[in-house]
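Undergrad: protein.tsv (TSV, C-alpha atoms) pasted underneath:
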```
chain	number	residue	atom	x	y	z
W	1121	MET	CA	-10.49	-22.67	125.45
W	1122	ARG	CA	-6.88	-22.32	126.47
W	1123	ARG	CA	-5.26	-18.95	127.21
W	1124	TYR	CA	-1.68	-20.32	127.21
W	1125	ALA	CA	0.25	-22.87	125.16
W	1126	SER	CA	2.66	-23.63	128.03
W	1127	VAL	CA	2.48	-23.49	131.82
W	1128	VAL	CA	5.63	-23.63	133.96
W	1129	LEU	CA	5.18	-24.58	137.61
W	1130	ASP	CA	7.45	-24.20	140.60
W	1131	ALA	CA	7.55	-27.14	143.02
W	1132	ASP	CA	8.35	-26.08	146.60
W	1133	SER	CA	5.51	-24.09	148.22
W	1134	THR	CA	3.62	-24.28	144.92
W	1135	LEU	CA	3.03	-27.88	143.81
W	1136	ALA	CA	3.75	-29.05	147.36
W	1137	GLY	CA	3.41	-27.37	150.72
W	1138	ILE	CA	7.01	-27.83	151.81
W	1139	GLU	CA	10.41	-26.33	151.06
W	1140	GLY	CA	12.46	-29.44	150.35
W	1141	ILE	CA	15.85	-28.18	151.47
W	1142	ASP	CA	14.38	-26.77	154.67
W	1143	TRP	CA	12.65	-30.12	155.22
W	1144	LEU	CA	16.01	-31.89	154.90
W	1145	SER	CA	17.57	-29.46	157.36
W	1146	ALA	CA	15.00	-30.52	159.97
W	1147	ARG	CA	16.66	-33.96	159.95
W	1148	ARG	CA	19.85	-32.35	161.25
W	1149	ASP	CA	20.63	-30.60	164.52
W	1150	PRO	CA	18.67	-27.42	165.40
W	1151	GLU	CA	21.55	-25.08	164.55
W	1152	VAL	CA	21.80	-26.44	160.99
W	1153	ARG	CA	18.05	-26.13	160.61
W	1154	ARG	CA	18.07	-22.54	161.86
W	1155	LYS	CA	20.83	-21.49	159.46
W	1156	VAL	CA	19.29	-23.22	156.44
W	1157	GLU	CA	15.78	-21.87	157.03
W	1158	ALA	CA	17.15	-18.35	157.48
W	1159	PHE	CA	19.01	-18.62	154.17
W	1160	THR	CA	15.88	-19.90	152.41
W	1161	THR	CA	13.61	-17.19	153.77
W	1162	ARG	CA	16.00	-14.41	152.87
W	1163	ALA	CA	16.53	-15.80	149.36
W	1164	MET	CA	12.81	-16.28	148.63
W	1165	ASN	CA	12.08	-12.77	149.88
W	1166	GLY	CA	14.80	-11.37	147.64
W	1167	GLU	CA	17.08	-10.24	150.48
W	1168	LEU	CA	19.86	-12.59	149.32
W	1169	THR	CA	20.42	-14.10	145.90
W	1170	LEU	CA	20.14	-17.85	145.46
W	1171	ASP	CA	23.74	-17.76	144.22
W	1172	GLU	CA	24.77	-16.78	147.75
W	1173	VAL	CA	22.89	-19.50	149.60
W	1174	TYR	CA	22.21	-22.57	147.47
W	1175	ALA	CA	25.43	-24.56	147.81
W	1176	ARG	CA	25.91	-23.33	151.39
W	1177	ARG	CA	22.61	-24.88	152.45
W	1178	LEU	CA	23.32	-28.30	150.96
W	1179	THR	CA	26.87	-28.30	152.28
W	1180	LEU	CA	25.46	-27.71	155.76
W	1181	ILE	CA	22.91	-30.50	155.36
W	1182	GLN	CA	25.04	-33.12	153.56
W	1183	PRO	CA	21.96	-34.98	152.25
W	1184	THR	CA	22.22	-38.72	151.78
W	1185	ALA	CA	20.35	-41.09	149.47
W	1186	LEU	CA	18.18	-42.05	152.46
W	1187	ASP	CA	17.35	-38.39	153.07
W	1188	VAL	CA	16.36	-37.92	149.43
W	1189	ARG	CA	14.03	-40.93	149.51
W	1190	ALA	CA	12.40	-39.62	152.68
W	1191	LEU	CA	11.95	-36.20	151.07
W	1192	ALA	CA	10.30	-37.84	148.06
W	1193	HIS	CA	7.65	-39.31	150.37
W	1194	ALA	CA	7.20	-35.93	152.03
W	1195	TYR	CA	6.55	-34.24	148.68
W	1196	VAL	CA	3.92	-36.82	147.75
W	1197	ASN	CA	2.19	-36.33	151.10
W	1198	ALA	CA	2.24	-32.53	150.74
W	1199	VAL	CA	0.85	-32.16	147.21
W	1200	ALA	CA	-1.28	-29.06	146.75
W	1201	PRO	CA	-5.04	-29.72	146.63
W	1202	GLY	CA	-6.23	-29.84	143.04
W	1203	ALA	CA	-2.75	-29.94	141.51
W	1204	ALA	CA	-3.27	-33.29	139.76
W	1205	ASP	CA	-6.65	-32.16	138.40
W	1206	ALA	CA	-5.07	-28.95	137.13
W	1207	VAL	CA	-2.27	-30.75	135.30
W	1208	ALA	CA	-4.78	-33.18	133.77
W	1209	ALA	CA	-7.02	-30.32	132.63
W	1210	LEU	CA	-4.10	-28.43	131.12
W	1211	HIS	CA	-2.91	-31.53	129.26
W	1212	ALA	CA	-6.45	-32.20	127.99
W	1213	ALA	CA	-6.52	-28.68	126.58
W	1214	GLY	CA	-3.21	-29.23	124.79
W	1215	VAL	CA	-1.14	-27.12	127.17
W	1216	GLU	CA	2.51	-28.14	127.65
W	1217	VAL	CA	3.26	-28.39	131.39
W	1218	HIS	CA	6.79	-28.16	132.78
W	1219	VAL	CA	8.17	-28.05	136.32
W	1220	ILE	CA	11.23	-25.85	136.89
W	1221	SER	CA	12.53	-26.09	140.44
W	1222	GLY	CA	15.54	-25.41	142.59
W	1223	GLY	CA	14.63	-28.59	144.46
W	1224	LEU	CA	16.29	-31.97	144.19
W	1225	ARG	CA	15.15	-33.79	141.06
W	1226	ALA	CA	15.37	-37.30	142.50
W	1227	ALA	CA	13.07	-36.28	145.35
W	1228	LEU	CA	10.61	-34.47	143.09
W	1229	LEU	CA	10.11	-37.20	140.46
W	1230	PRO	CA	7.74	-39.44	142.46
W	1231	MET	CA	5.45	-36.44	143.01
W	1232	THR	CA	5.63	-35.12	139.46
W	1233	ARG	CA	4.92	-38.61	138.09
W	1234	LEU	CA	1.88	-38.79	140.36
W	1235	LEU	CA	0.74	-35.46	138.93
W	1236	GLY	CA	1.18	-36.71	135.37
W	1237	VAL	CA	4.18	-34.58	134.37
W	1238	ALA	CA	6.64	-36.45	132.13
W	1239	ASP	CA	10.16	-36.86	133.54
W	1240	ASP	CA	11.72	-34.94	130.64
W	1241	ARG	CA	9.58	-31.94	131.60
W	1242	VAL	CA	10.91	-31.82	135.16
W	1243	HIS	CA	13.94	-29.54	135.43
W	1244	ALA	CA	15.64	-29.52	138.85
W	1245	VAL	CA	18.92	-29.92	140.70
W	1246	GLU	CA	20.83	-33.21	140.74
W	1247	LEU	CA	23.18	-34.36	143.47
W	1248	GLN	CA	26.34	-36.37	143.13
W	1249	LEU	CA	26.43	-39.10	145.79
W	1250	ASP	CA	29.16	-41.64	146.44
W	1251	ALA	CA	28.74	-45.42	146.30
W	1252	ASP	CA	27.43	-45.41	149.86
W	1253	GLY	CA	24.83	-42.75	149.14
W	1254	ARG	CA	26.71	-39.94	150.85
W	1255	PHE	CA	26.77	-36.37	149.57
W	1256	GLU	CA	29.71	-35.46	147.36
W	1257	ASP	CA	28.70	-32.50	145.22
W	1258	ILE	CA	25.97	-30.73	143.25
W	1259	LEU	CA	25.97	-31.20	139.49
W	1260	PRO	CA	26.42	-27.79	137.82
W	1261	THR	CA	23.14	-26.15	136.83
W	1262	PRO	CA	21.80	-22.61	136.39
W	1263	LEU	CA	19.11	-23.55	138.92
W	1264	MET	CA	21.58	-22.81	141.71
W	1265	THR	CA	21.49	-19.12	140.72
W	1266	GLN	CA	18.98	-16.31	141.16
W	1267	ASP	CA	18.13	-16.08	137.46
W	1268	GLY	CA	18.59	-19.79	136.79
W	1269	LYS	CA	14.93	-20.58	136.20
W	1270	ALA	CA	14.77	-17.93	133.50
W	1271	ILE	CA	17.91	-19.34	131.86
W	1272	VAL	CA	16.47	-22.88	131.84
W	1273	LEU	CA	13.15	-21.60	130.52
W	1274	GLU	CA	14.75	-19.70	127.67
W	1275	HIS	CA	16.74	-22.79	126.64
W	1276	LEU	CA	13.55	-24.86	126.51
W	1277	ALA	CA	12.03	-22.60	123.84
W	1278	LEU	CA	8.48	-23.52	124.88
W	1279	PRO	CA	5.46	-22.70	122.71
W	1280	ARG	CA	3.95	-19.32	123.54
W	1281	PRO	CA	2.11	-17.77	125.21
W	1282	ILE	CA	3.66	-19.00	128.47
W	1283	LEU	CA	2.36	-18.69	132.04
W	1284	ALA	CA	4.84	-19.20	134.89
W	1285	VAL	CA	3.54	-19.91	138.40
W	1286	GLY	CA	5.51	-19.76	141.64
W	1287	ASP	CA	5.82	-18.25	145.09
W	1288	GLY	CA	9.39	-16.93	145.37
W	1289	SER	CA	11.81	-14.38	143.99
W	1290	THR	CA	13.56	-17.02	141.87
W	1291	ASP	CA	10.21	-17.75	140.21
W	1292	LEU	CA	9.59	-14.06	139.64
W	1293	ALA	CA	12.92	-13.98	137.78
W	1294	MET	CA	11.12	-15.86	134.98
W	1295	ALA	CA	8.73	-12.96	134.40
W	1296	PRO	CA	10.72	-11.26	131.60
W	1297	ALA	CA	10.87	-14.59	129.71
W	1298	VAL	CA	7.14	-15.38	129.85
W	1299	ASP	CA	3.87	-13.76	128.85
W	1300	ALA	CA	2.44	-13.74	132.39
W	1301	PHE	CA	3.74	-14.54	135.86
W	1302	ALA	CA	1.34	-15.68	138.59
W	1303	ALA	CA	2.26	-15.43	142.25
W	1304	TYR	CA	0.97	-18.57	143.95
W	1305	ILE	CA	-0.15	-17.89	147.54
W	1306	GLY	CA	-1.79	-21.21	148.38
W	1307	PHE	CA	0.93	-21.99	150.92
W	1308	VAL	CA	2.86	-18.79	151.55
W	1309	ARG	CA	2.41	-15.18	150.50
W	1310	ARG	CA	5.57	-13.20	149.74
W	1311	ASP	CA	4.54	-9.56	149.37
W	1312	ALA	CA	7.46	-8.57	147.15
W	1313	VAL	CA	6.59	-11.33	144.69
W	1314	VAL	CA	2.87	-10.55	144.75
W	1315	ALA	CA	3.56	-6.87	144.09
W	1316	SER	CA	5.44	-7.65	140.87
W	1317	ALA	CA	3.22	-10.45	139.55
W	1318	SER	CA	0.79	-10.23	136.63
W	1319	LEU	CA	-1.83	-12.00	138.73
W	1320	VAL	CA	-2.25	-13.83	142.02
W	1321	LEU	CA	-3.54	-17.40	142.38
W	1322	ASP	CA	-4.60	-18.92	145.71
W	1323	SER	CA	-5.43	-22.41	144.43
W	1324	PHE	CA	-5.02	-24.76	141.49
W	1325	ALA	CA	-8.73	-24.40	140.78
W	1326	ALA	CA	-8.01	-20.71	140.22
W	1327	LEU	CA	-5.15	-21.67	137.92
W	1328	ILE	CA	-7.47	-23.77	135.76
W	1329	ALA	CA	-10.10	-21.01	135.67
W	1330	HIS	CA	-7.51	-18.50	134.50
W	1331	ALA	CA	-5.43	-20.63	132.14
W	1332	LEU	CA	-8.35	-22.24	130.35
W	1333	SER	CA	-10.57	-19.19	129.92
W	1334	ALA	CA	-10.85	-17.22	126.71
```
Using structure tokens, write down the structure that the file contains.

TA:
Amino acid sequence: MRRYASVVLDADSTLAGIEGIDWLSARRDPEVRRKVEAFTTRAMNGELTLDEVYARRLTLIQPTALDVRALAHAYVNAVAPGAADAVAALHAAGVEVHVISGGLRAALLPMTRLLGVADDRVHAVELQLDADGRFEDILPTPLMTQDGKAIVLEHLALPRPILAVGDGSTDLAMAPAVDAFAAYIGFVRRDAVVASASLVLDSFAALIAHALSA
């Protein structure tokens, strides 16, 4: 028996054990990597807002089409244990599953397709690249802001009750817009997020047990 009508999942450090933008920064020189990872850590811990760091990180990295394709492979190789089974079980129970991420959509789609999430239920950031596959800009989206996931979620008008699952402060921002927020600690535990969550999940098996119980 299902407890929720909709489940919203984060991608980085939730569906997959990497932070995509940090992963891209590792393809650059060590100073770029250091700066980008510091921005990410401070944003996910709530010390900086995503508004302050999102565009700055990608401008430092200048990701190319080749980088995005490589990241797509990295996501597939880093999928959380049990994630595909969890999505399948939720779908079988009639639960609507969406992914809302501050990651790059083109890189996420191969993984989300593997997990069985329809493309129109994957909400993420899109890059503008030139004809040679070089970085030009980021297409405007609320997902570049601290409360962006909540804004996207509210616009989707998903069937309730809704469970949101994620590891970072931008995921926690969805809490007022859902019926329960779960802090996912399968890859990283952020104490500030855990402290404010409705519940804590350490695996996708635990997600199934919670979401599909009476």

Undergrad: Let me make sure I understand: among W:Ser1289, W:Ser1145, W:Asn1165, W:Ser1316, which one has the smallest atom-to-atom distance to Gln1182 in chain W if we use only C-alpha atoms?

TA: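 Going through W:Ser1289, W:Ser1145, W:Asn1165, W:Ser1316 one by one, the smallest distance to Gln1182 in chain W is for W:Ser1145.
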
Undergrad: Can you tell me which residues surround Glu1246 in chain W at a distance of at most 10 Å, considering only C-alpha atoms, apart from same-chain residues fewer than 4 positions away, and format the answer as a PDB file with C-alpha atoms, in the frame of the given file?

TA:
```pdb
ATOM      1  CA  GLY W1222      15.540 -25.410 142.590  1.00  0.00           C
ATOM      2  CA  GLY W1223      14.630 -28.590 144.460  1.00  0.00           C
ATOM      3  CA  LEU W1224      16.290 -31.970 144.190  1.00  0.00           C
ATOM      4  CA  ARG W1225      15.150 -33.790 141.060  1.00  0.00           C
ATOM      5  CA  ALA W1226      15.370 -37.300 142.500  1.00  0.00           C
ATOM      6  CA  ALA W1227      13.070 -36.280 145.350  1.00  0.00           C
ATOM      7  CA  ASP W1257      28.700 -32.500 145.220  1.00  0.00           C
ATOM      8  CA  ILE W1258      25.970 -30.730 143.250  1.00  0.00           C
ATOM      9  CA  LEU W1259      25.970 -31.200 139.490  1.00  0.00           C
ATOM     10  CA  PRO W1260      26.420 -27.790 137.820  1.00  0.00           C
ATOM     11  CA  THR W1261      23.140 -26.150 136.830  1.00  0.00           C
ATOM     12  CA  LEU W1263      19.110 -23.550 138.920  1.00  0.00           C
TER      13      LEU W1263
END
```

Undergrad: Hey, can you pull every residue with an atom no more than 7 Å from (4.8, -20.2, 126.0), using only C-alpha atoms, and send it as a PyMOL selection string?

TA: chain W and resi 1124-1126+1278-1283+1298

Undergrad: Quote the spacing between CA of Tyr1304 in chain W and CA of Val1245 in chain W in Å to one decimal place.

TA: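 Value for the CA of Tyr1304 in chain W-CA of Val1245 in chain W distance: 21.5 Å.
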
Undergrad: What's the separation between CA of Val1188 in chain W and CA of Leu1249 in chain W, in Å to one decimal place?

TA: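 Answer for the CA of Val1188 in chain W to CA of Leu1249 in chain W separation: 10.8 Å.
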
Undergrad: To one decimal place in Å, what is the distance between CA of Gly1166 in chain W and CA of Leu1144 in chain W?

TA: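 Interatomic distance, CA of Gly1166 in chain W to CA of Leu1144 in chain W: 21.8 Å.
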
Undergrad: So, with all atoms listed in the file as the atoms that count, which of W:Leu1228, W:Leu1292, W:Val1219, W:Val1242 lies closest to Val1127 in chain W?

TA: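 When distances to Val1127 in chain W are compared using all atoms listed in the file, the smallest one comes from W:Val1219.
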
Undergrad: Per residue of range 1270-1322 of chain W within 8 Å of range 1156-1164 of chain W, note the shortest atom pair and the distance in Å to one decimal, counting all atoms listed in the file, and order the rows by chain and increasing residue number, as a Markdown table.

TA:
```
| residue | atom | partner | partner_atom | distance |
| --- | --- | --- | --- | --- |
| W:Gly1288 | CA | W:Met1164 | CA | 4.8 |
| W:Ser1289 | CA | W:Met1164 | CA | 5.1 |
| W:Thr1290 | CA | W:Met1164 | CA | 6.8 |
| W:Arg1310 | CA | W:Met1164 | CA | 7.9 |
```

Undergrad: Near Phe1301 in chain W, within 6 Å and counting all atoms listed in the file, which residues show up once chain neighbours fewer than 5 positions away are dropped, as a ChimeraX atom specification?

TA: /W:1283-1285,1295,1317-1318

Undergrad: I'd like to know which of W:Gly1137, W:Gly1236, W:Gly1253, W:Gly1306 is closest to Asp1322 in chain W, using all atoms listed in the file.

TA: W:Gly1306

Undergrad: Once you count all atoms listed in the file, which residues end up no further than 12 Å from (-6.5, -30.8, 138.8) in the file's frame, shown as an NGL selection string?

TA: :W and (1135 or 1199-1212 or 1234-1236 or 1323-1329)

Undergrad: When distances are computed from only C-alpha atoms, which of W:Ala1331, W:Ile1181, W:Leu1168, W:Ala1277 shows the smallest separation from Arg1154 in chain W?

TA: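 Smallest separation from Arg1154 in chain W among the options: W:Ile1181.
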
Undergrad: Go through W:Pro1150, W:Gly1214, W:Gly1140, W:Gly1286 one by one, measure the shortest atom-to-atom distance of each to Ala1190 in chain W using only C-alpha atoms, and give the residue with the smallest value.

TA: W:Gly1140
